[in-house]
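Structure file data_20.pdb; described as PDB, C-alpha atoms and all ligand atoms.
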MODEL        1
ATOM      1  CA  MET J 404      45.471-101.685-202.722  1.00  0.00           C
ATOM      2  CA  THR J 405      47.885-101.070-199.893  1.00  0.00           C
ATOM      3  CA  GLU J 406      46.748-100.773-196.329  1.00  0.00           C
ATOM      4  CA  SER J 407      47.324 -97.037-196.381  1.00  0.00           C
ATOM      5  CA  THR J 408      44.684 -96.536-199.080  1.00  0.00           C
ATOM      6  CA  LEU J 409      42.020 -98.647-197.383  1.00  0.00           C
ATOM      7  CA  TYR J 410      40.005 -95.836-195.898  1.00  0.00           C
ATOM      8  CA  ARG J 411      36.755 -94.217-196.804  1.00  0.00           C
ATOM      9  CA  PRO J 412      37.625 -90.972-198.556  1.00  0.00           C
ATOM     10  CA  GLU J 413      36.116 -87.664-197.617  1.00  0.00           C
ATOM     11  CA  GLU J 414      32.893 -86.565-199.240  1.00  0.00           C
ATOM     12  CA  PRO J 415      33.287 -83.991-202.023  1.00  0.00           C
ATOM     13  CA  GLY J 416      33.265 -80.492-200.547  1.00  0.00           C
ATOM     14  CA  ALA J 417      34.199 -81.613-197.051  1.00  0.00           C
ATOM     15  CA  GLN J 418      37.470 -79.704-197.231  1.00  0.00           C
ATOM     16  CA  PRO J 419      37.809 -76.011-198.093  1.00  0.00           C
ATOM     17  CA  PRO J 420      38.902 -75.390-201.688  1.00  0.00           C
ATOM     18  CA  SER J 421      42.209 -73.640-202.339  1.00  0.00           C
ATOM     19  CA  LEU J 422      40.267 -70.942-204.216  1.00  0.00           C
ATOM     20  CA  PHE J 423      37.273 -69.368-202.465  1.00  0.00           C
ATOM     21  CA  ALA J 424      36.581 -65.949-204.013  1.00  0.00           C
ATOM     22  CA  PRO J 425      34.953 -64.292-200.943  1.00  0.00           C
ATOM     23  CA  TYR J 426      38.225 -65.012-199.068  1.00  0.00           C
ATOM     24  CA  GLY J 427      40.277 -62.515-201.036  1.00  0.00           C
ATOM     25  CA  SER J 428      43.812 -63.751-200.531  1.00  0.00           C
ATOM     26  CA  THR J 429      42.943 -67.207-201.881  1.00  0.00           C
ATOM     27  CA  VAL J 430      42.381 -65.548-205.272  1.00  0.00           C
ATOM     28  CA  LYS J 431      46.019 -64.471-205.252  1.00  0.00           C
ATOM     29  CA  ARG J 432      47.573 -67.606-203.804  1.00  0.00           C
ATOM     30  CA  ALA J 433      45.495 -70.496-205.158  1.00  0.00           C
ATOM     31  CA  PRO J 434      47.383 -72.421-207.835  1.00  0.00           C
ATOM     32  CA  SER J 435      46.087 -71.749-211.347  1.00  0.00           C
ATOM     33  CA  LEU J 436      47.938 -74.698-212.884  1.00  0.00           C
ATOM     34  CA  LYS J 437      47.678 -78.411-212.193  1.00  0.00           C
ATOM     35  CA  PRO J 438      49.906 -79.634-209.378  1.00  0.00           C
ATOM     36  CA  ILE J 439      53.254 -81.125-210.361  1.00  0.00           C
ATOM     37  CA  PHE J 440      53.977 -84.590-208.994  1.00  0.00           C
ATOM     38  CA  ILE J 441      57.167 -84.629-206.973  1.00  0.00           C
ATOM     39  CA  PRO J 442      58.330 -88.060-205.754  1.00  0.00           C
ATOM     40  CA  GLN J 443      58.728 -88.092-202.000  1.00  0.00           C
ATOM     41  CA  THR J 444      62.067 -88.987-200.515  1.00  0.00           C
ATOM     42  CA  LEU J 445      63.236 -89.641-196.972  1.00  0.00           C
ATOM     43  CA  THR J 446      63.331 -85.899-196.413  1.00  0.00           C
ATOM     44  CA  GLU J 447      59.580 -85.620-196.804  1.00  0.00           C
ATOM     45  CA  THR J 448      58.462 -88.940-195.332  1.00  0.00           C
ATOM     46  CA  THR J 449      60.446 -88.908-192.119  1.00  0.00           C
ATOM     47  CA  GLY J 450      60.937 -86.627-189.161  1.00  0.00           C
ATOM     48  CA  PRO J 451      62.856 -86.524-185.923  1.00  0.00           C
ATOM     49  CA  ASN J 452      62.370 -89.544-183.662  1.00  0.00           C
ATOM     50  CA  ALA J 453      61.590 -87.334-180.733  1.00  0.00           C
ATOM     51  CA  TRP J 454      59.996 -83.998-181.485  1.00  0.00           C
ATOM     52  CA  ALA J 455      60.515 -82.900-177.917  1.00  0.00           C
ATOM     53  CA  ASP J 456      64.271 -83.189-178.378  1.00  0.00           C
ATOM     54  CA  LEU J 457      64.027 -80.813-181.307  1.00  0.00           C
ATOM     55  CA  MET J 458      61.337 -78.415-180.101  1.00  0.00           C
ATOM     56  CA  GLY J 459      61.523 -78.625-176.347  1.00  0.00           C
ATOM     57  CA  GLU J 460      58.909 -79.792-173.890  1.00  0.00           C
ATOM     58  CA  SER J 461      55.267 -78.919-174.190  1.00  0.00           C
ATOM     59  CA  LEU J 462      54.029 -75.397-173.464  1.00  0.00           C
ATOM     60  CA  ALA J 463      50.536 -76.333-172.395  1.00  0.00           C
ATOM     61  CA  ASP J 464      49.669 -73.311-170.275  1.00  0.00           C
ATOM     62  CA  LEU J 465      49.561 -70.051-172.211  1.00  0.00           C
ATOM     63  CA  THR J 466      48.513 -68.182-169.079  1.00  0.00           C
ATOM     64  CA  THR J 467      51.729 -68.721-167.124  1.00  0.00           C
ATOM     65  CA  GLN J 468      54.366 -67.587-169.599  1.00  0.00           C
ATOM     66  CA  HIS J 469      54.880 -64.177-167.994  1.00  0.00           C
ATOM     67  CA  LYS J 470      55.020 -62.555-164.556  1.00  0.00           C
ATOM     68  CA  GLY J 471      51.316 -61.816-164.345  1.00  0.00           C
ATOM     69  CA  VAL J 472      48.074 -63.446-165.373  1.00  0.00           C
ATOM     70  CA  PRO J 473      46.723 -62.457-168.794  1.00  0.00           C
ATOM     71  CA  LEU J 474      43.421 -60.613-169.006  1.00  0.00           C
ATOM     72  CA  GLY J 475      40.394 -62.400-170.356  1.00  0.00           C
ATOM     73  CA  GLN J 476      38.254 -65.458-169.845  1.00  0.00           C
ATOM     74  CA  ARG J 477      40.448 -68.388-168.804  1.00  0.00           C
ATOM     75  CA  ILE J 478      39.593 -71.586-170.702  1.00  0.00           C
ATOM     76  CA  VAL J 479      40.761 -75.178-170.961  1.00  0.00           C
ATOM     77  CA  VAL J 480      40.802 -76.646-174.467  1.00  0.00           C
ATOM     78  CA  GLY J 481      41.168 -80.380-174.931  1.00  0.00           C
ATOM     79  CA  GLY J 482      40.269 -83.245-177.166  1.00  0.00           C
ATOM     80  CA  ARG J 483      41.569 -86.214-179.064  1.00  0.00           C
ATOM     81  CA  VAL J 484      43.491 -86.574-182.311  1.00  0.00           C
ATOM     82  CA  MET J 485      42.224 -89.570-184.266  1.00  0.00           C
ATOM     83  CA  ASP J 486      42.694 -91.316-187.582  1.00  0.00           C
ATOM     84  CA  ASP J 487      39.870 -92.217-189.988  1.00  0.00           C
ATOM     85  CA  GLU J 488      38.828 -95.181-187.813  1.00  0.00           C
ATOM     86  CA  HIS J 489      38.773 -92.973-184.713  1.00  0.00           C
ATOM     87  CA  ARG J 490      41.875 -94.699-183.400  1.00  0.00           C
ATOM     88  CA  PRO J 491      44.085 -92.474-181.255  1.00  0.00           C
ATOM     89  CA  VAL J 492      47.036 -90.706-182.849  1.00  0.00           C
ATOM     90  CA  ALA J 493      49.628 -90.622-180.091  1.00  0.00           C
ATOM     91  CA  ASN J 494      52.718 -88.517-179.669  1.00  0.00           C
ATOM     92  CA  THR J 495      51.862 -85.908-182.258  1.00  0.00           C
ATOM     93  CA  VAL J 496      52.856 -82.291-181.756  1.00  0.00           C
ATOM     94  CA  ILE J 497      50.120 -79.659-181.860  1.00  0.00           C
ATOM     95  CA  GLU J 498      51.283 -76.077-182.158  1.00  0.00           C
ATOM     96  CA  ILE J 499      48.876 -73.382-180.998  1.00  0.00           C
ATOM     97  CA  TRP J 500      48.689 -69.693-181.803  1.00  0.00           C
ATOM     98  CA  GLN J 501      45.987 -67.133-181.159  1.00  0.00           C
ATOM     99  CA  ALA J 502      45.135 -63.487-180.522  1.00  0.00           C
ATOM    100  CA  ASN J 503      44.815 -62.204-176.969  1.00  0.00           C
ATOM    101  CA  SER J 504      41.467 -61.564-175.306  1.00  0.00           C
ATOM    102  CA  ALA J 505      41.195 -58.187-177.035  1.00  0.00           C
ATOM    103  CA  GLY J 506      41.748 -59.747-180.459  1.00  0.00           C
ATOM    104  CA  ARG J 507      45.334 -58.558-180.946  1.00  0.00           C
ATOM    105  CA  TYR J 508      48.350 -60.598-182.063  1.00  0.00           C
ATOM    106  CA  ILE J 509      51.940 -59.800-181.211  1.00  0.00           C
ATOM    107  CA  HIS J 510      52.919 -59.247-184.816  1.00  0.00           C
ATOM    108  CA  VAL J 511      54.506 -56.310-186.626  1.00  0.00           C
ATOM    109  CA  ARG J 512      51.630 -56.151-189.094  1.00  0.00           C
ATOM    110  CA  ASP J 513      48.918 -56.293-186.446  1.00  0.00           C
ATOM    111  CA  ASN J 514      48.465 -52.705-185.312  1.00  0.00           C
ATOM    112  CA  TRP J 515      44.732 -52.213-185.037  1.00  0.00           C
ATOM    113  CA  ASP J 516      43.276 -50.301-182.107  1.00  0.00           C
ATOM    114  CA  ALA J 517      43.272 -53.033-179.455  1.00  0.00           C
ATOM    115  CA  PRO J 518      45.780 -53.458-176.632  1.00  0.00           C
ATOM    116  CA  LEU J 519      48.585 -55.951-176.413  1.00  0.00           C
ATOM    117  CA  ASP J 520      48.715 -57.869-173.138  1.00  0.00           C
ATOM    118  CA  PRO J 521      52.192 -57.934-171.572  1.00  0.00           C
ATOM    119  CA  ASN J 522      51.228 -61.206-169.894  1.00  0.00           C
ATOM    120  CA  PHE J 523      50.142 -63.037-173.013  1.00  0.00           C
ATOM    121  CA  THR J 524      52.156 -64.172-176.018  1.00  0.00           C
ATOM    122  CA  GLY J 525      49.533 -66.433-177.593  1.00  0.00           C
ATOM    123  CA  ALA J 526      51.754 -69.359-178.570  1.00  0.00           C
ATOM    124  CA  GLY J 527      51.899 -72.857-177.133  1.00  0.00           C
ATOM    125  CA  ARG J 528      52.624 -76.471-177.924  1.00  0.00           C
ATOM    126  CA  VAL J 529      51.229 -79.792-176.694  1.00  0.00           C
ATOM    127  CA  ILE J 530      51.914 -83.440-177.512  1.00  0.00           C
ATOM    128  CA  THR J 531      49.162 -86.057-177.642  1.00  0.00           C
ATOM    129  CA  ASP J 532      49.329 -88.886-175.108  1.00  0.00           C
ATOM    130  CA  ALA J 533      48.889 -92.626-175.735  1.00  0.00           C
ATOM    131  CA  GLU J 534      45.109 -92.126-176.144  1.00  0.00           C
ATOM    132  CA  GLY J 535      45.615 -89.274-178.577  1.00  0.00           C
ATOM    133  CA  ARG J 536      44.506 -86.757-175.952  1.00  0.00           C
ATOM    134  CA  TYR J 537      45.722 -83.212-175.670  1.00  0.00           C
ATOM    135  CA  GLN J 538      44.852 -80.296-173.428  1.00  0.00           C
ATOM    136  CA  PHE J 539      45.989 -76.720-172.996  1.00  0.00           C
ATOM    137  CA  ILE J 540      45.051 -73.709-170.898  1.00  0.00           C
ATOM    138  CA  THR J 541      44.645 -70.269-172.398  1.00  0.00           C
ATOM    139  CA  VAL J 542      42.333 -67.268-172.503  1.00  0.00           C
ATOM    140  CA  ARG J 543      39.492 -67.026-174.958  1.00  0.00           C
ATOM    141  CA  PRO J 544      40.725 -64.964-177.926  1.00  0.00           C
ATOM    142  CA  GLY J 545      38.833 -61.866-179.052  1.00  0.00           C
ATOM    143  CA  ALA J 546      37.452 -61.171-182.505  1.00  0.00           C
ATOM    144  CA  TYR J 547      39.570 -58.924-184.717  1.00  0.00           C
ATOM    145  CA  PRO J 548      38.998 -56.889-187.874  1.00  0.00           C
ATOM    146  CA  TRP J 549      40.732 -57.819-191.100  1.00  0.00           C
ATOM    147  CA  GLY J 550      40.830 -56.105-194.442  1.00  0.00           C
ATOM    148  CA  ASN J 551      39.101 -58.727-196.541  1.00  0.00           C
ATOM    149  CA  HIS J 552      35.979 -56.631-197.155  1.00  0.00           C
ATOM    150  CA  TYR J 553      34.076 -53.739-195.565  1.00  0.00           C
ATOM    151  CA  ASN J 554      33.593 -54.261-191.819  1.00  0.00           C
ATOM    152  CA  ALA J 555      35.145 -57.729-191.861  1.00  0.00           C
ATOM    153  CA  TRP J 556      35.702 -59.330-188.441  1.00  0.00           C
ATOM    154  CA  ARG J 557      37.182 -62.743-187.797  1.00  0.00           C
ATOM    155  CA  PRO J 558      35.238 -64.845-185.316  1.00  0.00           C
ATOM    156  CA  ALA J 559      37.208 -65.804-182.210  1.00  0.00           C
ATOM    157  CA  HIS J 560      39.484 -68.665-183.182  1.00  0.00           C
ATOM    158  CA  ILE J 561      42.555 -70.633-182.194  1.00  0.00           C
ATOM    159  CA  HIS J 562      45.008 -71.779-184.859  1.00  0.00           C
ATOM    160  CA  LEU J 563      46.222 -75.374-184.540  1.00  0.00           C
ATOM    161  CA  SER J 564      48.987 -77.092-186.478  1.00  0.00           C
ATOM    162  CA  LEU J 565      49.470 -80.859-186.254  1.00  0.00           C
ATOM    163  CA  LEU J 566      52.940 -81.908-187.282  1.00  0.00           C
ATOM    164  CA  GLY J 567      52.433 -85.653-187.629  1.00  0.00           C
ATOM    165  CA  PRO J 568      55.343 -88.039-188.112  1.00  0.00           C
ATOM    166  CA  ALA J 569      57.061 -86.248-190.986  1.00  0.00           C
ATOM    167  CA  PHE J 570      57.657 -82.783-192.386  1.00  0.00           C
ATOM    168  CA  ALA J 571      55.197 -83.392-195.246  1.00  0.00           C
ATOM    169  CA  THR J 572      52.345 -84.447-192.963  1.00  0.00           C
ATOM    170  CA  ARG J 573      51.678 -81.104-191.297  1.00  0.00           C
ATOM    171  CA  LEU J 574      48.003 -80.141-191.124  1.00  0.00           C
ATOM    172  CA  VAL J 575      46.690 -76.736-190.102  1.00  0.00           C
ATOM    173  CA  THR J 576      43.201 -75.786-188.976  1.00  0.00           C
ATOM    174  CA  GLN J 577      41.253 -73.275-186.894  1.00  0.00           C
ATOM    175  CA  MET J 578      38.985 -73.925-183.935  1.00  0.00           C
ATOM    176  CA  TYR J 579      35.935 -71.721-183.376  1.00  0.00           C
ATOM    177  CA  PHE J 580      33.615 -71.193-180.410  1.00  0.00           C
ATOM    178  CA  PRO J 581      29.999 -72.406-180.410  1.00  0.00           C
ATOM    179  CA  ASP J 582      28.355 -69.146-179.374  1.00  0.00           C
ATOM    180  CA  ASP J 583      29.953 -66.851-181.948  1.00  0.00           C
ATOM    181  CA  PRO J 584      27.642 -64.979-184.383  1.00  0.00           C
ATOM    182  CA  LEU J 585      30.595 -64.035-186.604  1.00  0.00           C
ATOM    183  CA  ILE J 586      31.173 -67.598-187.824  1.00  0.00           C
ATOM    184  CA  GLU J 587      28.324 -67.615-190.318  1.00  0.00           C
ATOM    185  CA  ILE J 588      29.468 -64.377-191.971  1.00  0.00           C
ATOM    186  CA  ASP J 589      33.201 -65.182-192.005  1.00  0.00           C
ATOM    187  CA  PRO J 590      34.593 -66.024-195.464  1.00  0.00           C
ATOM    188  CA  ILE J 591      37.353 -68.231-194.033  1.00  0.00           C
ATOM    189  CA  ALA J 592      34.923 -70.349-192.004  1.00  0.00           C
ATOM    190  CA  ASN J 593      32.492 -70.346-194.912  1.00  0.00           C
ATOM    191  CA  ALA J 594      35.092 -71.725-197.309  1.00  0.00           C
ATOM    192  CA  THR J 595      34.052 -74.991-195.650  1.00  0.00           C
ATOM    193  CA  PRO J 596      30.324 -75.485-196.321  1.00  0.00           C
ATOM    194  CA  MET J 597      27.860 -76.869-193.815  1.00  0.00           C
ATOM    195  CA  PRO J 598      27.581 -79.430-192.377  1.00  0.00           C
ATOM    196  CA  TYR J 599      31.368 -79.835-192.487  1.00  0.00           C
ATOM    197  CA  ARG J 600      31.965 -76.324-191.111  1.00  0.00           C
ATOM    198  CA  GLN J 601      30.442 -77.476-187.835  1.00  0.00           C
ATOM    199  CA  ARG J 602      33.460 -79.745-187.365  1.00  0.00           C
ATOM    200  CA  LEU J 603      35.544 -76.607-186.832  1.00  0.00           C
ATOM    201  CA  VAL J 604      33.433 -75.495-183.879  1.00  0.00           C
ATOM    202  CA  ALA J 605      34.479 -76.648-180.418  1.00  0.00           C
ATOM    203  CA  ARG J 606      31.914 -77.939-177.954  1.00  0.00           C
ATOM    204  CA  PHE J 607      31.371 -76.312-174.580  1.00  0.00           C
ATOM    205  CA  ASP J 608      31.717 -79.030-171.949  1.00  0.00           C
ATOM    206  CA  ILE J 609      30.478 -78.447-168.420  1.00  0.00           C
ATOM    207  CA  GLU J 610      31.932 -81.769-167.242  1.00  0.00           C
ATOM    208  CA  THR J 611      35.534 -80.736-167.779  1.00  0.00           C
ATOM    209  CA  THR J 612      34.992 -77.142-166.715  1.00  0.00           C
ATOM    210  CA  ARG J 613      37.054 -76.439-163.607  1.00  0.00           C
ATOM    211  CA  PRO J 614      34.847 -74.985-160.887  1.00  0.00           C
ATOM    212  CA  ASN J 615      35.797 -71.474-159.812  1.00  0.00           C
ATOM    213  CA  TRP J 616      38.651 -71.429-162.315  1.00  0.00           C
ATOM    214  CA  ALA J 617      38.052 -72.024-166.035  1.00  0.00           C
ATOM    215  CA  LEU J 618      35.464 -72.870-168.687  1.00  0.00           C
ATOM    216  CA  SER J 619      36.170 -75.855-170.916  1.00  0.00           C
ATOM    217  CA  TYR J 620      35.875 -76.568-174.624  1.00  0.00           C
ATOM    218  CA  LEU J 621      36.395 -79.872-176.412  1.00  0.00           C
ATOM    219  CA  PHE J 622      37.745 -80.071-179.933  1.00  0.00           C
ATOM    220  CA  ASP J 623      38.389 -83.503-181.436  1.00  0.00           C
ATOM    221  CA  ILE J 624      40.476 -83.672-184.585  1.00  0.00           C
ATOM    222  CA  VAL J 625      40.091 -86.423-187.199  1.00  0.00           C
ATOM    223  CA  LEU J 626      42.958 -86.505-189.653  1.00  0.00           C
ATOM    224  CA  ARG J 627      41.298 -88.075-192.684  1.00  0.00           C
ATOM    225  CA  GLY J 628      38.315 -90.047-193.949  1.00  0.00           C
ATOM    226  CA  ARG J 629      34.574 -89.423-193.731  1.00  0.00           C
ATOM    227  CA  ASP J 630      34.765 -87.510-190.476  1.00  0.00           C
ATOM    228  CA  ALA J 631      37.939 -85.551-191.274  1.00  0.00           C
ATOM    229  CA  THR J 632      38.386 -82.152-189.716  1.00  0.00           C
ATOM    230  CA  PRO J 633      38.560 -79.490-192.461  1.00  0.00           C
ATOM    231  CA  MET J 634      42.162 -78.361-192.928  1.00  0.00           C
ATOM    232  CA  GLU J 635      43.694 -75.339-194.605  1.00  0.00           C
ATOM    233  CA  GLY J 636      45.212 -76.115-197.994  1.00  0.00           C
TER     234      GLY J 636
HETATM  235 FE    FE K   1      43.971 -65.680-186.625  1.00  0.00          FE
ENDMDL
END
What does the file become when written as structure tokens?
Amino acid sequence: MTESTLYRPEEPGAQPPSLFAPYGSTVKRAPSLKPIFIPQTLTETTGPNAWADLMGESLADLTTQHKGVPLGQRIVVGGRVMDDEHRPVANTVIEIWQANSAGRYIHVRDNWDAPLDPNFTGAGRVITDAEGRYQFITVRPGAYPWGNHYNAWRPAHIHLSLLGPAFATRLVTQMYFPDDPLIEIDPIANATPMPYRQRLVARFDIETTRPNWALSYLFDIVLRGRDATPMEG
């Protein structure tokens, strides 16, 4: 056994399956055949030495990307990225994308009846520090309808992508808010069963709230092992 395999694997069902019938598009995209083993080469197992050189510096404040201040509830989101032993994962790039406070994305296929905000793009990027910590400032996204089934609404969520050290190590997940009644009726959230689904829900934290300025949510991310954060396939 090599060192890289010496970790306690996740419990069965702790990650969402690639096929979850109530989430309609997984029926179309889930593989119906067994995966094909493709040996990894340097292309897959390595990445740039310095992501910042490739991608630019962090964009940690989504509320200052335009002339004005975006509408909505200003929030701070922070947490730690950790491995299976809860050791910090430093210097990893987290990409962030989300709807605006009305639940609308800037996207050609998003044209439902909610306003765009000229002061909010909804995209950012942060890099974890030596303790694996990250933090960004944004506005709380709104819920939005989607065509999965009759009267389907996505709970408020922020998409997060963790690049890791190589192109093949990218992990993608969604963060939800603890006071949202839509979570328990959302097929995407429900593709991860309880209690694991709770790992996708951020924690409101009064300690890191900034008085007279912003609410604060904490969302720790564990990359693998017994406490792994559920990730999209
Ligand atoms: Fe979304």
Within 7 Å of ligand FE 1 (chain K), which residues show up when you count only C-alpha atoms and all ligand atoms? List them as a short mmCIF file (atom, residue, chain, number, x, y, z; two decimals) with C-alpha atoms, in the frame of the given file, please.
data_model
loop_
_atom_site.label_atom_id
_atom_site.label_comp_id
_atom_site.auth_asym_id
_atom_site.auth_seq_id
_atom_site.Cartn_x
_atom_site.Cartn_y
_atom_site.Cartn_z
CA GLN J 501 45.99 -67.13 -181.16
CA ALA J 502 45.14 -63.49 -180.52
CA HIS J 560 39.48 -68.67 -183.18
CA ILE J 561 42.56 -70.63 -182.19
CA HIS J 562 45.01 -71.78 -184.86
#
Next item on the list: For each of J:Pro598, J:Pro521, J:Pro633, J:Pro568, take the minimum atom-to-atom distance to J:Thr448, counting only C-alpha atoms, then give the residue where this is smallest.
Entry: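 Closest candidate: J:Pro568.
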Next item on the list: Could you tell me which residues the PyMOL selection byres (((chain J and resi 573) around 12) and not hetatm) grabs in this file, written as a VMD selection string?
Entry: chain J and resid 447 to 450 495 to 498 563 to 572 574 to 576 626 634 to 636
Checklist line | Separation of atom CA of J:Leu474 from atom CA of J:Phe523 in Å | finding: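 Answer for the atom CA of J:Phe523 to atom CA of J:Leu474 separation: 8.2 Å.
Nearest-residue note for J:His552: choosing from J:Gln476, J:Asn452, J:Thr531, J:Ser428, the minimum distance belongs to J:Ser428, counting all atoms listed in the file.
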